[in-house]
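A.B. asks: My structure is below; once you've seen it, I'll send some questions.
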Amino acid sequence: MPGGHLENRLWIRQVPSFYSPAQVREYLSVVRFDPLPEESEIQEKKFERSVESLERLMRAHLTTFPWENTALHYSASHTMDVSPQGAFNRMVRDGNGSYCFGQNIVFLGILRSLGFRAYSGVARVNINWEKPEKQEVYTSHTHMLLFVQPHEGSNLTYFVDVGFGGDGLARPVPLVNGDESIVMGLGPAEENRLCKVPFPQSSLSAFACFDMSQLGILRGKLILGFSISSNIPEGQYLWTMEVREAFDGPYGPWRQMYRFSELEFFPVDCIDASLVVEQSQTGIIAEQVLCTKHYVDEQHPEHMYRIVAAGRRVTKQIPGQKEEVLRRFTSEQDRVDTLKEIFGLSFEQNATQNIKGRRPALAR
């Protein structure tokens, strides 16, 4: 699975981490990474860096930390601390999870401490990604993701995301356009790939002086001394993360999850973008209490499945199979108790009072 390249074949510089070697060893112990390196080995960047070790780290992270937004609704402050130290404390030390910003900021810090060259980017999420028959509608920049160059002396680049939750990635994806980037999702019935295509809502065009509706007519003609050939870009091209699933037969259509450029997204941007999500009154994060955790399939240890809490129920989701309902909530206390029991989350003492008046609060 060779990687691709950033635009202009750029290299990612080695950047210091937010975390100390002691914190990184603490993280690796919590995610049960084996063998567990000593602090001195972390300090001296002796960790073996490869696509395979990157995938092992992703898998360990996904099966340890749930993707969740409970602090947004059940805490008195109704905030999600996604600063590097705040997210580390919530996840690694308190045994909770976070949403994309917290998940990926922690993973970025760990990768940098281990000697991986990595940086973070940002995406717009297609709110209709589960409904391919509907028109793509994109949010503002409210999803964080990572670019990683794992090999010493090489700028081969991989795309990584441990923070999407449902249908999110299970392994690194080579930064390559189209089918050459296809990787298995949680199991053989799920696949992900990257495509680089024009952003449908973009105002940008390679044909600034023409009506884009005439583009098909103009192609192949000589205009103002320039031949408009079929390989000229039609607008602003962005990377698109896609997923497809097979149910008792061939794969279904590719679904466009989110779109992103290669622009760097810094921790201060992460905190600001999270504030936008916290203050929003619409969208799935504002409207639902959500929690997703990944588990190893004991019958097929190379595969995983998801357990998801959303709305009034908890379901087990195996790609390619009908979801199984594990639990239904009858009250806020029932939901809190279930999130503690199944996902290992912790809550403030007055959690069920704090959610009153918010959109996802369960009516009695």
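Ordering of the structure tokens sets the chain letters (A, B, ...), residue numbers begin anew at 1 in every chain, and ligands are numbered from 1 in the order given.
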So that I can check the surroundings of region 86-92 of chain A, please list as a PyMOL selection string every protein, DNA and RNA residue that reaches within 8 Å of it, counting only C-alpha atoms and ignoring chain neighbours fewer than 3 positions away.

C.D. replies: chain A and resi 26-27+30+65+81-83+95-98+102-103+105-106

A.B. asks: Would you pick out the contacts of region 329-338 of chain A at 8 Å or less, using only C-alpha atoms, so that residues sharing its chain but fewer than 2 positions from it are not included, and give the list as a ChimeraX atom specification?

C.D. replies: /A:312-313,327,340-343,347,352,361-364

A.B. asks: Tell me which protein, DNA and RNA residues are within 12 Å of Cys100 (chain A), counting only C-alpha atoms, leaving out same-chain ones fewer than 5 positions away, and put them as JSON, numbers by chain.

C.D. replies: {"A": [62, 65, 66, 67, 68, 69, 80, 81, 82, 87, 105, 106, 107, 108, 120, 121, 122, 123, 125, 141, 142, 143, 144, 145, 146, 160, 161, 162, 163, 164, 165, 166, 168, 270, 271, 273, 274, 277, 285, 292]}

A.B. asks: Give me the residues within 7 Å of Trp239 (chain A) as a ChimeraX atom specification, counting only C-alpha atoms and dropping any in the same chain fewer than 2 places off.

C.D. replies: /A:194-197,237,241,259-261

A.B. asks: Just write the chosen residues, all heavy atoms, as an mmCIF file, in the first residue's frame.

C.D. replies:
data_model
loop_
_atom_site.group_PDB
_atom_site.id
_atom_site.type_symbol
_atom_site.label_atom_id
_atom_site.label_comp_id
_atom_site.auth_asym_id
_atom_site.auth_seq_id
_atom_site.Cartn_x
_atom_site.Cartn_y
_atom_site.Cartn_z
ATOM 1 N N LEU A 194 -10.019 7.703 -1.297
ATOM 2 C CA LEU A 194 -9.899 9.135 -1.512
ATOM 3 C C LEU A 194 -10.078 9.453 -2.988
ATOM 4 O O LEU A 194 -9.608 8.716 -3.855
ATOM 5 C CB LEU A 194 -8.518 9.632 -1.069
ATOM 6 C CG LEU A 194 -8.248 9.692 0.434
ATOM 7 C CD1 LEU A 194 -6.769 9.984 0.678
ATOM 8 C CD2 LEU A 194 -9.108 10.768 1.097
ATOM 9 N N CYS A 195 -10.779 10.526 -3.269
ATOM 10 C CA CYS A 195 -10.886 11.045 -4.634
ATOM 11 C C CYS A 195 -10.641 12.546 -4.590
ATOM 12 O O CYS A 195 -11.028 13.217 -3.617
ATOM 13 C CB CYS A 195 -12.264 10.769 -5.230
ATOM 14 S SG CYS A 195 -12.543 9.034 -5.655
ATOM 15 N N LYS A 196 -10.008 13.068 -5.627
ATOM 16 C CA LYS A 196 -9.782 14.508 -5.708
ATOM 17 C C LYS A 196 -10.619 15.047 -6.859
ATOM 18 O O LYS A 196 -10.340 14.772 -8.027
ATOM 19 C CB LYS A 196 -8.304 14.814 -5.912
ATOM 20 C CG LYS A 196 -7.928 16.242 -5.528
ATOM 21 C CD LYS A 196 -6.419 16.423 -5.454
ATOM 22 C CE LYS A 196 -6.077 17.784 -4.855
ATOM 23 N NZ LYS A 196 -4.608 17.993 -4.775
ATOM 24 N N VAL A 197 -11.661 15.780 -6.510
ATOM 25 C CA VAL A 197 -12.647 16.227 -7.498
ATOM 26 C C VAL A 197 -13.040 17.677 -7.224
ATOM 27 O O VAL A 197 -12.802 18.198 -6.134
ATOM 28 C CB VAL A 197 -13.913 15.330 -7.447
ATOM 29 C CG1 VAL A 197 -13.587 13.912 -7.889
ATOM 30 C CG2 VAL A 197 -14.515 15.316 -6.046
ATOM 31 N N TYR A 237 -10.292 21.911 -6.813
ATOM 32 C CA TYR A 237 -10.276 20.481 -6.517
ATOM 33 C C TYR A 237 -9.954 20.261 -5.046
ATOM 34 O O TYR A 237 -9.006 20.847 -4.500
ATOM 35 C CB TYR A 237 -9.234 19.770 -7.379
ATOM 36 C CG TYR A 237 -9.741 19.407 -8.759
ATOM 37 C CD1 TYR A 237 -10.213 20.390 -9.630
ATOM 38 C CD2 TYR A 237 -9.762 18.091 -9.190
ATOM 39 C CE1 TYR A 237 -10.677 20.067 -10.886
ATOM 40 C CE2 TYR A 237 -10.234 17.755 -10.453
ATOM 41 C CZ TYR A 237 -10.690 18.751 -11.293
ATOM 42 O OH TYR A 237 -11.165 18.423 -12.539
ATOM 43 N N MET A 241 -13.195 12.124 1.144
ATOM 44 C CA MET A 241 -13.179 10.808 1.763
ATOM 45 C C MET A 241 -14.513 10.121 1.479
ATOM 46 O O MET A 241 -15.574 10.703 1.737
ATOM 47 C CB MET A 241 -12.947 10.920 3.273
ATOM 48 C CG MET A 241 -13.076 9.603 4.038
ATOM 49 S SD MET A 241 -12.155 8.217 3.327
ATOM 50 C CE MET A 241 -10.477 8.851 3.367
ATOM 51 N N ARG A 259 -14.944 16.663 2.637
ATOM 52 C CA ARG A 259 -13.992 17.182 1.658
ATOM 53 C C ARG A 259 -12.985 18.093 2.360
ATOM 54 O O ARG A 259 -13.341 18.820 3.284
ATOM 55 C CB ARG A 259 -14.701 17.951 0.548
ATOM 56 C CG ARG A 259 -15.642 17.064 -0.280
ATOM 57 C CD ARG A 259 -16.171 17.836 -1.476
ATOM 58 N NE ARG A 259 -17.160 17.064 -2.201
ATOM 59 C CZ ARG A 259 -17.065 16.727 -3.482
ATOM 60 N NH1 ARG A 259 -16.007 17.091 -4.180
ATOM 61 N NH2 ARG A 259 -18.028 16.040 -4.086
ATOM 62 N N PHE A 260 -11.736 18.052 1.859
ATOM 63 C CA PHE A 260 -10.685 18.803 2.541
ATOM 64 C C PHE A 260 -9.560 19.144 1.572
ATOM 65 O O PHE A 260 -9.354 18.485 0.548
ATOM 66 C CB PHE A 260 -10.127 17.994 3.712
ATOM 67 C CG PHE A 260 -9.594 16.637 3.324
ATOM 68 C CD1 PHE A 260 -8.243 16.444 3.082
ATOM 69 C CD2 PHE A 260 -10.449 15.542 3.199
ATOM 70 C CE1 PHE A 260 -7.755 15.195 2.720
ATOM 71 C CE2 PHE A 260 -9.969 14.293 2.843
ATOM 72 C CZ PHE A 260 -8.617 14.117 2.601
ATOM 73 N N SER A 261 -8.829 20.189 1.919
ATOM 74 C CA SER A 261 -7.622 20.565 1.190
ATOM 75 C C SER A 261 -6.416 20.096 2.015
ATOM 76 O O SER A 261 -6.577 19.392 3.016
ATOM 77 C CB SER A 261 -7.575 22.081 0.981
ATOM 78 O OG SER A 261 -7.340 22.734 2.222
#

A.B. asks: Could you pull out the strand (DSSP E) residues of region 14-225 of chain A from DSSP and send them as JSON, numbers by chain?

C.D. replies: {"A": [67, 68, 117, 118, 119, 120, 121, 122, 123, 124, 125, 126, 138, 139, 140, 141, 142, 143, 144, 145, 146, 147, 148, 149, 158, 159, 160, 173, 174, 178, 179, 180, 181, 182, 183, 184, 190, 191, 192, 193, 194, 195, 196, 197, 198, 222, 223]}

A.B. asks: Going by DSSP on the backbone, which bits of region 236-356 of chain A are helix (DSSP H, G or I)? Write them as a compact mmCIF listing (two decimals) with N, CA, C and O atoms, in the first residue's frame, please.

C.D. replies:
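File produced: states-v4.txt:
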# COMPACT_ATOMS: atom_id res chain seq x y z
N PRO A 267 -3.54 23.94 16.42
CA PRO A 267 -4.33 23.76 17.65
C PRO A 267 -5.26 24.93 17.96
O PRO A 267 -6.38 24.73 18.42
N VAL A 268 -4.81 26.16 17.69
CA VAL A 268 -5.68 27.32 17.93
C VAL A 268 -6.91 27.28 17.01
O VAL A 268 -8.02 27.65 17.41
N ASP A 269 -6.72 26.81 15.77
CA ASP A 269 -7.85 26.65 14.85
C ASP A 269 -8.80 25.57 15.36
O ASP A 269 -10.02 25.69 15.25
N CYS A 270 -8.21 24.51 15.90
CA CYS A 270 -9.00 23.41 16.45
C CYS A 270 -9.91 23.90 17.57
O CYS A 270 -11.10 23.58 17.61
N ILE A 271 -9.36 24.70 18.47
CA ILE A 271 -10.14 25.21 19.60
C ILE A 271 -11.25 26.13 19.10
O ILE A 271 -12.40 26.07 19.57
N ASP A 272 -10.93 26.99 18.13
CA ASP A 272 -11.94 27.90 17.59
C ASP A 272 -13.05 27.15 16.86
O ASP A 272 -14.24 27.46 16.99
N ALA A 273 -12.68 26.14 16.06
CA ALA A 273 -13.69 25.37 15.33
C ALA A 273 -14.58 24.59 16.30
O ALA A 273 -15.79 24.46 16.08
N SER A 274 -14.00 24.08 17.37
CA SER A 274 -14.80 23.36 18.37
C SER A 274 -15.80 24.30 19.03
O SER A 274 -16.93 23.90 19.34
N LEU A 275 -15.40 25.55 19.24
CA LEU A 275 -16.32 26.53 19.82
C LEU A 275 -17.53 26.74 18.91
O LEU A 275 -18.67 26.88 19.40
N VAL A 276 -17.31 26.74 17.61
CA VAL A 276 -18.43 26.86 16.66
C VAL A 276 -19.40 25.70 16.84
O VAL A 276 -20.62 25.88 16.88
N VAL A 277 -18.84 24.49 16.97
CA VAL A 277 -19.69 23.31 17.16
C VAL A 277 -20.44 23.39 18.49
O VAL A 277 -21.64 23.10 18.57
N GLU A 278 -19.75 23.82 19.54
CA GLU A 278 -20.38 23.94 20.86
C GLU A 278 -21.56 24.91 20.85
O GLU A 278 -22.58 24.67 21.50
N GLN A 279 -21.42 26.01 20.11
CA GLN A 279 -22.45 27.05 20.11
C GLN A 279 -23.58 26.80 19.13
O GLN A 279 -24.62 27.46 19.18
N ILE A 284 -26.17 17.26 13.91
CA ILE A 284 -26.29 16.03 14.68
C ILE A 284 -25.63 16.12 16.05
O ILE A 284 -26.13 15.56 17.04
N ILE A 285 -24.53 16.85 16.16
CA ILE A 285 -23.84 16.94 17.46
C ILE A 285 -24.65 17.77 18.45
O ILE A 285 -24.67 17.47 19.65
N ALA A 286 -25.34 18.80 17.96
CA ALA A 286 -26.19 19.62 18.83
C ALA A 286 -27.49 18.92 19.17
O ALA A 286 -28.07 19.14 20.25
N GLU A 287 -27.95 18.05 18.29
CA GLU A 287 -29.28 17.48 18.43
C GLU A 287 -29.31 16.10 19.09
O GLU A 287 -30.38 15.63 19.46
N GLU A 332 -33.28 9.79 31.21
CA GLU A 332 -31.92 10.31 31.20
C GLU A 332 -31.02 9.50 32.13
O GLU A 332 -29.87 9.22 31.80
N GLN A 333 -31.53 9.13 33.28
CA GLN A 333 -30.72 8.33 34.19
C GLN A 333 -30.37 6.99 33.57
O GLN A 333 -29.25 6.50 33.71
N ASP A 334 -31.33 6.41 32.86
CA ASP A 334 -31.09 5.14 32.18
C ASP A 334 -30.00 5.31 31.12
O ASP A 334 -29.11 4.45 30.97
N ARG A 335 -30.05 6.41 30.39
CA ARG A 335 -29.04 6.64 29.35
C ARG A 335 -27.66 6.84 29.98
O ARG A 335 -26.67 6.26 29.51
N VAL A 336 -27.57 7.65 31.02
CA VAL A 336 -26.29 7.87 31.69
C VAL A 336 -25.73 6.56 32.25
O VAL A 336 -24.54 6.25 32.08
N ASP A 337 -26.58 5.77 32.89
CA ASP A 337 -26.12 4.49 33.45
C ASP A 337 -25.62 3.55 32.34
O ASP A 337 -24.63 2.84 32.52
N THR A 338 -26.31 3.57 31.20
CA THR A 338 -25.90 2.71 30.08
C THR A 338 -24.58 3.17 29.48
O THR A 338 -23.71 2.35 29.15
N LEU A 339 -24.40 4.48 29.35
CA LEU A 339 -23.13 5.01 28.82
C LEU A 339 -21.98 4.69 29.76
O LEU A 339 -20.85 4.45 29.32
N LYS A 340 -22.24 4.68 31.04
CA LYS A 340 -21.21 4.28 32.01
C LYS A 340 -20.90 2.79 31.86
O LYS A 340 -19.73 2.38 31.80
N GLU A 341 -21.94 1.97 31.79
CA GLU A 341 -21.77 0.52 31.77
C GLU A 341 -21.12 0.02 30.49
O GLU A 341 -20.16 -0.77 30.53
N ILE A 342 -21.61 0.45 29.33
CA ILE A 342 -21.14 -0.10 28.06
C ILE A 342 -19.88 0.58 27.57
O ILE A 342 -18.96 -0.08 27.07
N PHE A 343 -19.80 1.91 27.73
CA PHE A 343 -18.68 2.65 27.15
C PHE A 343 -17.65 3.10 28.18
O PHE A 343 -16.62 3.65 27.82
N ALA A 351 -25.39 15.43 36.17
CA ALA A 351 -25.45 15.29 34.72
C ALA A 351 -26.88 15.30 34.20
O ALA A 351 -27.19 15.97 33.20
N THR A 352 -27.77 14.57 34.82
CA THR A 352 -29.15 14.48 34.30
C THR A 352 -29.89 15.80 34.46
O THR A 352 -30.88 16.03 33.76
N GLN A 353 -29.44 16.66 35.36
CA GLN A 353 -30.04 18.00 35.49
C GLN A 353 -29.44 18.94 34.45
O GLN A 353 -30.15 19.80 33.90
N ASN A 354 -28.16 18.76 34.15
CA ASN A 354 -27.47 19.67 33.22
C ASN A 354 -28.03 19.59 31.80
O ASN A 354 -27.95 20.57 31.05

A.B. asks: Given only C-alpha atoms as the basis, pick out the residue of A:Met304, A:Leu72, A:Ile127, A:Val148 nearest to Arg359 (chain A).

C.D. replies: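 Looking only at the distances to Arg359 (chain A), the closest residue turns out to be A:Leu72.
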
A.B. asks: CA of Phe147 (chain A) and CA of Tyr119 (chain A) are how many Å apart?

C.D. replies: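 For CA of Phe147 (chain A) relative to CA of Tyr119 (chain A), the distance reads 5.5 Å.
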